[in-house]
There are 2 protein chains.
Amino acid sequence: MGKIKIDSNAFTYPMPMTLVGAMVRDRPNFAAVAWVTRVNYSPPMMAVALGKDHHTNPGIHAARAFSVNVPGVDLMAKTDYCGIASGKKTDKSGFFTVFTGEVTGAPMIQECRLCMECLLVQSVDLPGNELFIGEIVGAYADEGCLTDGKPDVTKIDPFTLTMPDNGYWRIGARVGQAWSAGKNVKG
Amino acid sequence: MGKIKIDSNAFTYPMPMTLVGAMVRDRPNFAAVAWVTRVNYSPPMMAVALGKDHHTNPGIHAARAFSVNVPGVDLMAKTDYCGIASGKKTDKSGFFTVFTGEVTGAPMIQECRLCMECLLVQSVDLPGNELFIGEIVGAYADEGCLTDGKPDVTKIDPFTLTMPDNGYWRIGARVGQAWSAGKNVKG
């Protein structure tokens, strides 16, 4: 099929929704972030891209720390609210039950089944966003979301984002095993 | 529920699968990459994290370009194969039907319903990976995967990756509208 040129403001499908936590002026603040990915295997590192005007950014710089929390579909409305309401105008410090691990300045969310605390390694200055790269120094999960000691996506029940249609989507059926599904393909 | 500390080699759920294209020694090469995210809104930029020993990396540096292609479930086995077979040992240049847009050095995949060509803006050197940040200068889609001129995830039928269980997953039900689902939440 022939290809049509579309808007260059294009996206991957779908994007995982997270809540990024930071201490801002001594209060926990949480931003809804789908522009997030692992970027290094060992040590484990996570990168999150935040608009430069986000309330969270100065907090990450000051504490040199942040958290990445994976909300379930049960937290969709609250997560979305965190993307609508800026911490500049809304105090989100009492919005979730906050806990901390080993890192000062990386408030995590008890209601999220999986949480990671990160130490800032590097920030990359881009035209409209800042990319914060952090080392994951602690990860915490609800026992109920583990299978054989590992996080089980069907128990986490996360949701994803698509843009520019701005949809939230649940995960669907398991369709294959990675590093295995292609082993019989002839190159 | 109390949290259990788990392996710090933790992930977001789920991760979008892509095929990253580059010209390596004058041949198109494709790597299976789930560590990918948008990182800047305007101009649109995409970042992909590749292990330092990947065959693709010198090609991206040399051409200062790469592509990001979104495979559907129909390409799961071929995509997985691209993650198993290194371009160092396997010539993947004839593995897909390749097309190019405006960028030299960003081979795209006709069989993928959505493709983006990127000019390298910056690379970030991390301990075991390189993070390539590129500006999306062209995006191309099959007409059949568009709804109202925008990519429709249900028509793209992409798949996602979970680690460390190494599962591939289809997208599930639409559960909400972003920047709307939380508008009635009381902060």
# chains A, B, ... in the order shown; residues from 1 in each chain; ligands from 1
>>> select_by_dssp(residues="stretch 38-186 of chain A", states="helix (DSSP H, G or I)", output="VMD selection string")
chain A and resid 56 to 63 73 to 84 143 to 145 153 to 156
>>> interface_residues(of="chain A", to="chain B", cutoff="6 Å", atoms="only C-alpha atoms", output="ChimeraX atom specification")
/A:3-6,8-9,13-14,16,35,37-40,44,49,77-78,80-81,84,129,136-142,166-179,181-182
>>> residues_around(residues="B:Lys88", least_positions_apart="4", cutoff="10 Å", atoms="only C-alpha atoms", output="list in words")
Val24, Asn29, Asp53, His54, His55, Thr56 and Lys92 of chain B
>>> closest_residue(among="B:Leu119, B:Ser67, B:Gly59, B:Lys155", to="B:Val98", atoms="only C-alpha atoms")
B:Ser67
>>> atom_distance(atom1="atom CA of B:Phe66", atom2="atom CA of B:Gly105")
6.4 Å
>>> select_by_dssp(residues="stretch 93-176 of chain B", states="strand (DSSP E)", output="number ranges by chain")
B: 98-99, 108-109, 114-125, 129-142, 146-147, 150-151, 159-162, 167-176
>>> decode(residues="stretch 31-141 of chain B", atoms="C-alpha atoms", output="PDB file, in the first residue's frame")
ATOM      1  CA  ALA B  31      17.003  -3.269  14.992  1.00  0.00           C
ATOM      2  CA  ALA B  32      14.089  -4.256  17.250  1.00  0.00           C
ATOM      3  CA  VAL B  33      13.810  -1.507  19.853  1.00  0.00           C
ATOM      4  CA  ALA B  34      11.335  -1.032  22.705  1.00  0.00           C
ATOM      5  CA  TRP B  35      13.381   1.591  24.539  1.00  0.00           C
ATOM      6  CA  VAL B  36      12.001   4.504  22.584  1.00  0.00           C
ATOM      7  CA  THR B  37      10.040   7.635  23.451  1.00  0.00           C
ATOM      8  CA  ARG B  38       9.131  11.080  22.224  1.00  0.00           C
ATOM      9  CA  VAL B  39      11.314  13.591  24.044  1.00  0.00           C
ATOM     10  CA  ASN B  40      10.419  17.001  22.578  1.00  0.00           C
ATOM     11  CA  TYR B  41       7.132  18.391  21.390  1.00  0.00           C
ATOM     12  CA  SER B  42       8.178  21.110  18.959  1.00  0.00           C
ATOM     13  CA  PRO B  43      10.109  20.351  16.895  1.00  0.00           C
ATOM     14  CA  PRO B  44       9.058  16.726  17.296  1.00  0.00           C
ATOM     15  CA  MET B  45      11.911  14.582  18.562  1.00  0.00           C
ATOM     16  CA  MET B  46      12.228  10.875  19.239  1.00  0.00           C
ATOM     17  CA  ALA B  47      14.871   9.121  21.329  1.00  0.00           C
ATOM     18  CA  VAL B  48      15.995   5.506  20.959  1.00  0.00           C
ATOM     19  CA  ALA B  49      18.370   3.702  23.308  1.00  0.00           C
ATOM     20  CA  LEU B  50      20.614   1.098  21.695  1.00  0.00           C
ATOM     21  CA  GLY B  51      23.233  -1.133  23.295  1.00  0.00           C
ATOM     22  CA  LYS B  52      26.688   0.173  22.459  1.00  0.00           C
ATOM     23  CA  ASP B  53      27.633  -2.986  20.614  1.00  0.00           C
ATOM     24  CA  HIS B  54      24.669  -2.778  18.234  1.00  0.00           C
ATOM     25  CA  HIS B  55      25.505  -2.981  14.554  1.00  0.00           C
ATOM     26  CA  THR B  56      23.182  -0.020  13.947  1.00  0.00           C
ATOM     27  CA  ASN B  57      25.025   2.584  16.010  1.00  0.00           C
ATOM     28  CA  PRO B  58      27.958   3.433  13.706  1.00  0.00           C
ATOM     29  CA  GLY B  59      25.466   3.783  10.857  1.00  0.00           C
ATOM     30  CA  ILE B  60      23.424   6.357  12.779  1.00  0.00           C
ATOM     31  CA  HIS B  61      26.554   8.293  13.660  1.00  0.00           C
ATOM     32  CA  ALA B  62      27.850   8.235  10.093  1.00  0.00           C
ATOM     33  CA  ALA B  63      24.630   9.285   8.357  1.00  0.00           C
ATOM     34  CA  ARG B  64      23.363  11.356  11.300  1.00  0.00           C
ATOM     35  CA  ALA B  65      19.953   9.836  10.606  1.00  0.00           C
ATOM     36  CA  PHE B  66      17.704   6.947  11.545  1.00  0.00           C
ATOM     37  CA  SER B  67      14.109   5.829  11.163  1.00  0.00           C
ATOM     38  CA  VAL B  68      11.508   4.591  13.632  1.00  0.00           C
ATOM     39  CA  ASN B  69       8.978   2.147  12.194  1.00  0.00           C
ATOM     40  CA  VAL B  70       5.919   0.762  13.988  1.00  0.00           C
ATOM     41  CA  PRO B  71       5.338  -2.918  13.154  1.00  0.00           C
ATOM     42  CA  GLY B  72       1.923  -4.527  13.514  1.00  0.00           C
ATOM     43  CA  VAL B  73       1.243  -7.894  15.098  1.00  0.00           C
ATOM     44  CA  ASP B  74       1.490  -9.341  11.576  1.00  0.00           C
ATOM     45  CA  LEU B  75       5.201  -8.466  11.672  1.00  0.00           C
ATOM     46  CA  MET B  76       5.822  -9.835  15.182  1.00  0.00           C
ATOM     47  CA  ALA B  77       7.948 -12.804  14.109  1.00  0.00           C
ATOM     48  CA  LYS B  78      10.038 -10.743  11.684  1.00  0.00           C
ATOM     49  CA  THR B  79      10.472  -7.981  14.269  1.00  0.00           C
ATOM     50  CA  ASP B  80      11.524 -10.486  16.895  1.00  0.00           C
ATOM     51  CA  TYR B  81      13.990 -11.985  14.458  1.00  0.00           C
ATOM     52  CA  CYS B  82      15.548  -8.528  14.047  1.00  0.00           C
ATOM     53  CA  GLY B  83      16.123  -8.579  17.817  1.00  0.00           C
ATOM     54  CA  ILE B  84      17.695 -12.030  17.722  1.00  0.00           C
ATOM     55  CA  ALA B  85      19.902 -11.730  14.619  1.00  0.00           C
ATOM     56  CA  SER B  86      22.596  -9.047  14.698  1.00  0.00           C
ATOM     57  CA  GLY B  87      23.299  -7.163  11.519  1.00  0.00           C
ATOM     58  CA  LYS B  88      26.925  -8.040  12.157  1.00  0.00           C
ATOM     59  CA  LYS B  89      26.209 -11.591  11.047  1.00  0.00           C
ATOM     60  CA  THR B  90      22.934 -11.272   9.150  1.00  0.00           C
ATOM     61  CA  ASP B  91      22.249  -9.067   6.139  1.00  0.00           C
ATOM     62  CA  LYS B  92      18.766  -7.683   6.794  1.00  0.00           C
ATOM     63  CA  SER B  93      18.815  -5.375   3.786  1.00  0.00           C
ATOM     64  CA  GLY B  94      16.388  -7.557   1.820  1.00  0.00           C
ATOM     65  CA  PHE B  95      14.257  -8.508   4.788  1.00  0.00           C
ATOM     66  CA  PHE B  96      11.680  -5.778   4.245  1.00  0.00           C
ATOM     67  CA  THR B  97      10.649  -3.593   1.321  1.00  0.00           C
ATOM     68  CA  VAL B  98      12.592  -0.416   1.965  1.00  0.00           C
ATOM     69  CA  PHE B  99      11.533   3.082   1.006  1.00  0.00           C
ATOM     70  CA  THR B 100      13.074   6.449   1.678  1.00  0.00           C
ATOM     71  CA  GLY B 101      11.595   9.873   2.226  1.00  0.00           C
ATOM     72  CA  GLU B 102      13.514  13.113   2.341  1.00  0.00           C
ATOM     73  CA  VAL B 103      16.355  11.980   4.558  1.00  0.00           C
ATOM     74  CA  THR B 104      19.410  10.142   3.307  1.00  0.00           C
ATOM     75  CA  GLY B 105      20.345   7.375   5.717  1.00  0.00           C
ATOM     76  CA  ALA B 106      16.904   6.708   7.195  1.00  0.00           C
ATOM     77  CA  PRO B 107      15.586   3.587   5.441  1.00  0.00           C
ATOM     78  CA  MET B 108      11.927   2.933   6.252  1.00  0.00           C
ATOM     79  CA  ILE B 109       9.846  -0.220   6.072  1.00  0.00           C
ATOM     80  CA  GLN B 110       6.955  -0.428   3.624  1.00  0.00           C
ATOM     81  CA  GLU B 111       5.366  -3.277   5.600  1.00  0.00           C
ATOM     82  CA  CYS B 112       5.063  -1.054   8.692  1.00  0.00           C
ATOM     83  CA  ARG B 113       1.895   1.029   8.690  1.00  0.00           C
ATOM     84  CA  LEU B 114       3.624   4.009  10.328  1.00  0.00           C
ATOM     85  CA  CYS B 115       7.182   5.176   9.709  1.00  0.00           C
ATOM     86  CA  MET B 116       9.167   8.210  10.843  1.00  0.00           C
ATOM     87  CA  GLU B 117      12.417   9.534   9.423  1.00  0.00           C
ATOM     88  CA  CYS B 118      14.683  11.338  11.869  1.00  0.00           C
ATOM     89  CA  LEU B 119      17.745  13.548  11.656  1.00  0.00           C
ATOM     90  CA  LEU B 120      20.175  12.927  14.494  1.00  0.00           C
ATOM     91  CA  VAL B 121      20.245  15.900  16.847  1.00  0.00           C
ATOM     92  CA  GLN B 122      22.331  14.543  19.683  1.00  0.00           C
ATOM     93  CA  SER B 123      23.649  11.308  21.096  1.00  0.00           C
ATOM     94  CA  VAL B 124      24.011  10.728  24.816  1.00  0.00           C
ATOM     95  CA  ASP B 125      26.727   8.364  25.940  1.00  0.00           C
ATOM     96  CA  LEU B 126      25.555   6.130  28.793  1.00  0.00           C
ATOM     97  CA  PRO B 127      27.423   3.262  30.483  1.00  0.00           C
ATOM     98  CA  GLY B 128      26.137   0.450  28.279  1.00  0.00           C
ATOM     99  CA  ASN B 129      23.851   2.176  25.802  1.00  0.00           C
ATOM    100  CA  GLU B 130      23.787   5.115  23.468  1.00  0.00           C
ATOM    101  CA  LEU B 131      20.716   7.311  23.429  1.00  0.00           C
ATOM    102  CA  PHE B 132      20.096   8.734  19.982  1.00  0.00           C
ATOM    103  CA  ILE B 133      17.862  11.816  19.875  1.00  0.00           C
ATOM    104  CA  GLY B 134      16.486  12.684  16.455  1.00  0.00           C
ATOM    105  CA  GLU B 135      14.137  15.257  15.013  1.00  0.00           C
ATOM    106  CA  ILE B 136      11.205  13.682  13.172  1.00  0.00           C
ATOM    107  CA  VAL B 137      11.304  15.452   9.820  1.00  0.00           C
ATOM    108  CA  GLY B 138       8.903  13.171   8.001  1.00  0.00           C
ATOM    109  CA  ALA B 139       6.162  10.715   8.956  1.00  0.00           C
ATOM    110  CA  TYR B 140       4.426   8.300   6.612  1.00  0.00           C
ATOM    111  CA  ALA B 141       1.393   6.100   7.136  1.00  0.00           C
TER     112      ALA B 141
END
